[in-house]
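Engineer: Pasting a structure here, questions to come.
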Amino acid sequence: MLYRVLDNARFAPSGGNRQAVHIIVVRDQQTRDRLAELSVPGARRYVAQLGMGEAPWNPLRPSSVPAADVDSTEVPDAFIAPLRGASVALVVCLDLRYVAATDQHLGRVGVISGASVYPLVWNILLAARGEGYGGNLNTMVVPQEPQVQKLLGIPDFCAVAAVLALGEPTRRITKLRRKRVDEIATWERFDGPAYTLADEPRGNPDGGETRSTG
């Protein structure tokens with residue numbers, strides 16, 4: 001089943017079709033336990049900031065949570081249990097020698113390189129769900145990347161993009177909370193009017209199109 005999932009997922013798009021991704025399939029329990037341990041510091045800061053109403057790990061808004069408070073924060077089991085209890089963990093790496101980072105000179109957080117790896121990650125999660133399995137995407141281990149590289153023999157030119165825990169789901173999610181389309185889409189400009197279904201062009205009897213005013 002896992003081979004079938006990866007076989008389907010590998011057709012994901014990537015920058016320049018370079019396919020600069022390497023997936024490490026981890027079944028060894030001790031290794032998965034160690035990945036869970038390495039995820040704790042990142043998750044601890046995430047939970048501490050969230051509890052203070054901050055956007056966790058956001059580089060544009062430095063955290064005001066004292067280090068001592070972060071260190072004493074309890075990490076919910078949901079952050080690390082999937083890595084320990086899942087059937088398998090996939091460590092997804094991106095070879096940085098082959099990414100096209102077109103935003104590298106903009107003086108902001110880089111996001112473009114992710115286009116070469118996260119479509120594949122999403123494909124894996126979708127394919128696993130299609131097989132009746134569940135998946136958990138975790139990036140809390142990334143702040144400890146040097147230790148993960150040492151643990152798994154990952155070369156320095158490869159970044160750890162995600163850890164996916166795959167296994168039989170404990171429950172099926174049937175409804176997700178998401179923003180409405182008119183909350184995330186606008187007409188013509190970022191500050192344009194909200195895009196709504198009522199605004200969509202609709203055909204009229206004479207074959208032309210008319211735009212509803214809502």
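As shown in the structure tokens, the chain order sets the letters A, B, ...; within each chain, residues go from 1, and ligands are also counted from 1 in the order they appear.
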Can you list, as a PDB file with N, CA, C and O atoms, in the first residue's frame, every protein, DNA or RNA residue that comes within 9 Å of region 142-146 of chain A when you count only C-alpha atoms, leaving out same-chain residues fewer than 4 positions away?
Structural biologist:
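Contents of out18.pdb, freshly written:
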```pdb
ATOM      1  N   LEU A  38      12.715  15.052  19.367  1.00  0.00           N
ATOM      2  CA  LEU A  38      13.261  16.242  18.715  1.00  0.00           C
ATOM      3  C   LEU A  38      12.169  17.228  18.323  1.00  0.00           C
ATOM      4  O   LEU A  38      12.442  18.408  18.070  1.00  0.00           O
ATOM      5  N   SER A  39      10.929  16.769  18.279  1.00  0.00           N
ATOM      6  CA  SER A  39       9.806  17.649  17.939  1.00  0.00           C
ATOM      7  C   SER A  39       9.319  18.454  19.142  1.00  0.00           C
ATOM      8  O   SER A  39       8.606  19.450  18.970  1.00  0.00           O
ATOM      9  N   PRO A  41      10.824  20.545  21.505  1.00  0.00           N
ATOM     10  CA  PRO A  41      11.144  21.970  21.657  1.00  0.00           C
ATOM     11  C   PRO A  41      10.346  22.874  20.725  1.00  0.00           C
ATOM     12  O   PRO A  41       9.854  23.930  21.140  1.00  0.00           O
ATOM     13  N   GLY A  42      10.213  22.475  19.472  1.00  0.00           N
ATOM     14  CA  GLY A  42       9.445  23.279  18.528  1.00  0.00           C
ATOM     15  C   GLY A  42       7.986  23.360  18.914  1.00  0.00           C
ATOM     16  O   GLY A  42       7.353  24.422  18.828  1.00  0.00           O
ATOM     17  N   ASN A 138       3.805  16.997  10.166  1.00  0.00           N
ATOM     18  CA  ASN A 138       4.463  17.613  11.315  1.00  0.00           C
ATOM     19  C   ASN A 138       5.729  18.325  10.866  1.00  0.00           C
ATOM     20  O   ASN A 138       6.545  17.744  10.142  1.00  0.00           O
ATOM     21  N   LYS A 150      21.835  14.294  11.389  1.00  0.00           N
ATOM     22  CA  LYS A 150      22.782  13.340  11.971  1.00  0.00           C
ATOM     23  C   LYS A 150      22.112  11.994  12.239  1.00  0.00           C
ATOM     24  O   LYS A 150      22.690  10.934  11.966  1.00  0.00           O
ATOM     25  N   LEU A 151      20.894  12.035  12.741  1.00  0.00           N
ATOM     26  CA  LEU A 151      20.165  10.811  13.074  1.00  0.00           C
ATOM     27  C   LEU A 151      19.915   9.945  11.847  1.00  0.00           C
ATOM     28  O   LEU A 151      20.033   8.708  11.908  1.00  0.00           O
ATOM     29  N   ILE A 154      21.285  12.505   6.721  1.00  0.00           N
ATOM     30  CA  ILE A 154      20.853  13.449   5.690  1.00  0.00           C
ATOM     31  C   ILE A 154      21.986  14.444   5.415  1.00  0.00           C
ATOM     32  O   ILE A 154      22.506  15.059   6.351  1.00  0.00           O
ATOM     33  N   ASP A 156      24.045  17.876   4.320  1.00  0.00           N
ATOM     34  CA  ASP A 156      23.800  19.270   4.673  1.00  0.00           C
ATOM     35  C   ASP A 156      23.022  20.038   3.603  1.00  0.00           C
ATOM     36  O   ASP A 156      22.350  21.024   3.910  1.00  0.00           O
ATOM     37  N   ALA A 159      17.246  19.936   3.048  1.00  0.00           N
ATOM     38  CA  ALA A 159      16.439  20.470   4.147  1.00  0.00           C
ATOM     39  C   ALA A 159      15.358  19.468   4.517  1.00  0.00           C
ATOM     40  O   ALA A 159      14.825  18.762   3.662  1.00  0.00           O
ATOM     41  N   VAL A 160      15.044  19.415   5.807  1.00  0.00           N
ATOM     42  CA  VAL A 160      13.929  18.589   6.267  1.00  0.00           C
ATOM     43  C   VAL A 160      12.661  19.420   6.096  1.00  0.00           C
ATOM     44  O   VAL A 160      12.490  20.451   6.752  1.00  0.00           O
ATOM     45  N   ALA A 161      11.785  18.997   5.210  1.00  0.00           N
ATOM     46  CA  ALA A 161      10.584  19.774   4.901  1.00  0.00           C
ATOM     47  C   ALA A 161       9.393  19.365   5.741  1.00  0.00           C
ATOM     48  O   ALA A 161       8.547  20.199   6.070  1.00  0.00           O
ATOM     49  N   ALA A 162       9.288  18.086   6.082  1.00  0.00           N
ATOM     50  CA  ALA A 162       8.125  17.606   6.830  1.00  0.00           C
ATOM     51  C   ALA A 162       8.365  16.181   7.296  1.00  0.00           C
ATOM     52  O   ALA A 162       9.188  15.454   6.727  1.00  0.00           O
ATOM     53  N   VAL A 163       7.639  15.819   8.326  1.00  0.00           N
ATOM     54  CA  VAL A 163       7.586  14.426   8.766  1.00  0.00           C
ATOM     55  C   VAL A 163       6.121  14.016   8.730  1.00  0.00           C
ATOM     56  O   VAL A 163       5.269  14.676   9.332  1.00  0.00           O
TER      57      VAL A 163
END
```
Engineer: Set the distance at 8 Å and use only C-alpha atoms: which residues neighbour Arg10 (chain A) once local chain neighbours fewer than 3 positions away are removed? I'd like the list as a list in words.
Structural biologist: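 Everything that qualifies: Leu6, Asp7, Leu120 and Asn123 of chain A.
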Engineer: For the helix (DSSP H, G or I) assignment from backbone DSSP, which residues of region 35-162 of chain A qualify? Please present them as a VMD selection string.
Structural biologist: chain A and resid 35 to 51 67 to 71 77 to 79 81 to 85 96 to 98 112 to 116 118 to 130 142 to 152
Engineer: Between CA of Val91 (chain A) and CA of Leu164 (chain A), what distance in Å does the model show, to one decimal?
Structural biologist: 6.5 Å
Engineer: Restrict the calculation to only C-alpha atoms, then for each residue of region 87-123 of chain A with any atom at most 9 Å from an atom of region 11-29 of chain A give the closest atom pair and their distance in Å to one decimal, rows by chain and rising residue number, as a Markdown table.
Structural biologist:
```
| residue | atom | partner | partner_atom | distance |
| --- | --- | --- | --- | --- |
| A:Ser87 | CA | A:Arg27 | CA | 7.1 |
| A:Val88 | CA | A:Arg27 | CA | 5.0 |
| A:Ala89 | CA | A:Val26 | CA | 5.1 |
| A:Leu90 | CA | A:Val25 | CA | 4.8 |
| A:Val91 | CA | A:Ile24 | CA | 5.0 |
| A:Val92 | CA | A:Ile23 | CA | 4.7 |
| A:Cys93 | CA | A:His22 | CA | 5.1 |
| A:Leu94 | CA | A:Val21 | CA | 4.7 |
| A:Asp95 | CA | A:Ala20 | CA | 5.1 |
| A:Leu96 | CA | A:Ala20 | CA | 7.7 |
| A:Arg97 | CA | A:Ala20 | CA | 8.2 |
| A:Tyr98 | CA | A:Ala20 | CA | 6.1 |
| A:Val99 | CA | A:Gly15 | CA | 6.6 |
| A:Ala100 | CA | A:Gly15 | CA | 6.4 |
| A:Ser113 | CA | A:Gly15 | CA | 8.0 |
| A:Ala115 | CA | A:Ser14 | CA | 6.3 |
| A:Ser116 | CA | A:Ser14 | CA | 4.1 |
| A:Val117 | CA | A:Val21 | CA | 6.5 |
| A:Tyr118 | CA | A:Ala12 | CA | 8.8 |
| A:Pro119 | CA | A:Ala12 | CA | 5.7 |
| A:Leu120 | CA | A:Ala12 | CA | 5.0 |
| A:Val121 | CA | A:Ala12 | CA | 8.7 |
| A:Trp122 | CA | A:Ala12 | CA | 8.7 |
| A:Asn123 | CA | A:Ala12 | CA | 6.8 |
```
Engineer: Now that the selection is made, can you save its residues with C-alpha atoms as a PDB file, in the first residue's frame?
Structural biologist:
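Generated file (part01.pdb):
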```
ATOM      1  CA  SER A  87       2.623   2.477  11.293  1.00  0.00           C
ATOM      2  CA  VAL A  88       5.355   4.422   9.544  1.00  0.00           C
ATOM      3  CA  ALA A  89       6.934   7.874   9.487  1.00  0.00           C
ATOM      4  CA  LEU A  90       8.087   9.523   6.275  1.00  0.00           C
ATOM      5  CA  VAL A  91      10.796  12.144   6.536  1.00  0.00           C
ATOM      6  CA  VAL A  92      10.534  14.311   3.432  1.00  0.00           C
ATOM      7  CA  CYS A  93      13.721  16.113   2.416  1.00  0.00           C
ATOM      8  CA  LEU A  94      14.342  18.756  -0.247  1.00  0.00           C
ATOM      9  CA  ASP A  95      17.658  18.979  -2.084  1.00  0.00           C
ATOM     10  CA  LEU A  96      18.410  22.692  -1.910  1.00  0.00           C
ATOM     11  CA  ARG A  97      20.880  22.488  -4.789  1.00  0.00           C
ATOM     12  CA  TYR A  98      18.011  22.192  -7.237  1.00  0.00           C
ATOM     13  CA  VAL A  99      15.359  24.612  -6.001  1.00  0.00           C
ATOM     14  CA  ALA A 100      14.428  27.773  -7.878  1.00  0.00           C
ATOM     15  CA  SER A 113      11.057  26.743  -2.635  1.00  0.00           C
ATOM     16  CA  ALA A 115       6.474  24.606  -4.237  1.00  0.00           C
ATOM     17  CA  SER A 116       9.045  21.932  -5.088  1.00  0.00           C
ATOM     18  CA  VAL A 117       8.157  19.695  -2.153  1.00  0.00           C
ATOM     19  CA  TYR A 118       4.743  20.353  -0.591  1.00  0.00           C
ATOM     20  CA  PRO A 119       2.641  19.326  -3.613  1.00  0.00           C
ATOM     21  CA  LEU A 120       4.275  15.907  -3.187  1.00  0.00           C
ATOM     22  CA  VAL A 121       3.545  15.937   0.541  1.00  0.00           C
ATOM     23  CA  TRP A 122      -0.095  16.743  -0.189  1.00  0.00           C
ATOM     24  CA  ASN A 123      -0.250  13.987  -2.784  1.00  0.00           C
TER      25      ASN A 123
END
```
Engineer: Using backbone DSSP assignments, extract all strand (DSSP E) residues from region 11-205 of chain A; output them as a PyMOL selection string.
Structural biologist: chain A and resi 21-26+88-95+134-138+158-167+201-203
Engineer: Using only C-alpha atoms, which of the listed residues (A:Ala194, A:Gly153, A:Lys179, A:Arg108) sits closest to Asn58 (chain A)?
Structural biologist: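 Smallest separation from Asn58 (chain A) among the options: A:Arg108.
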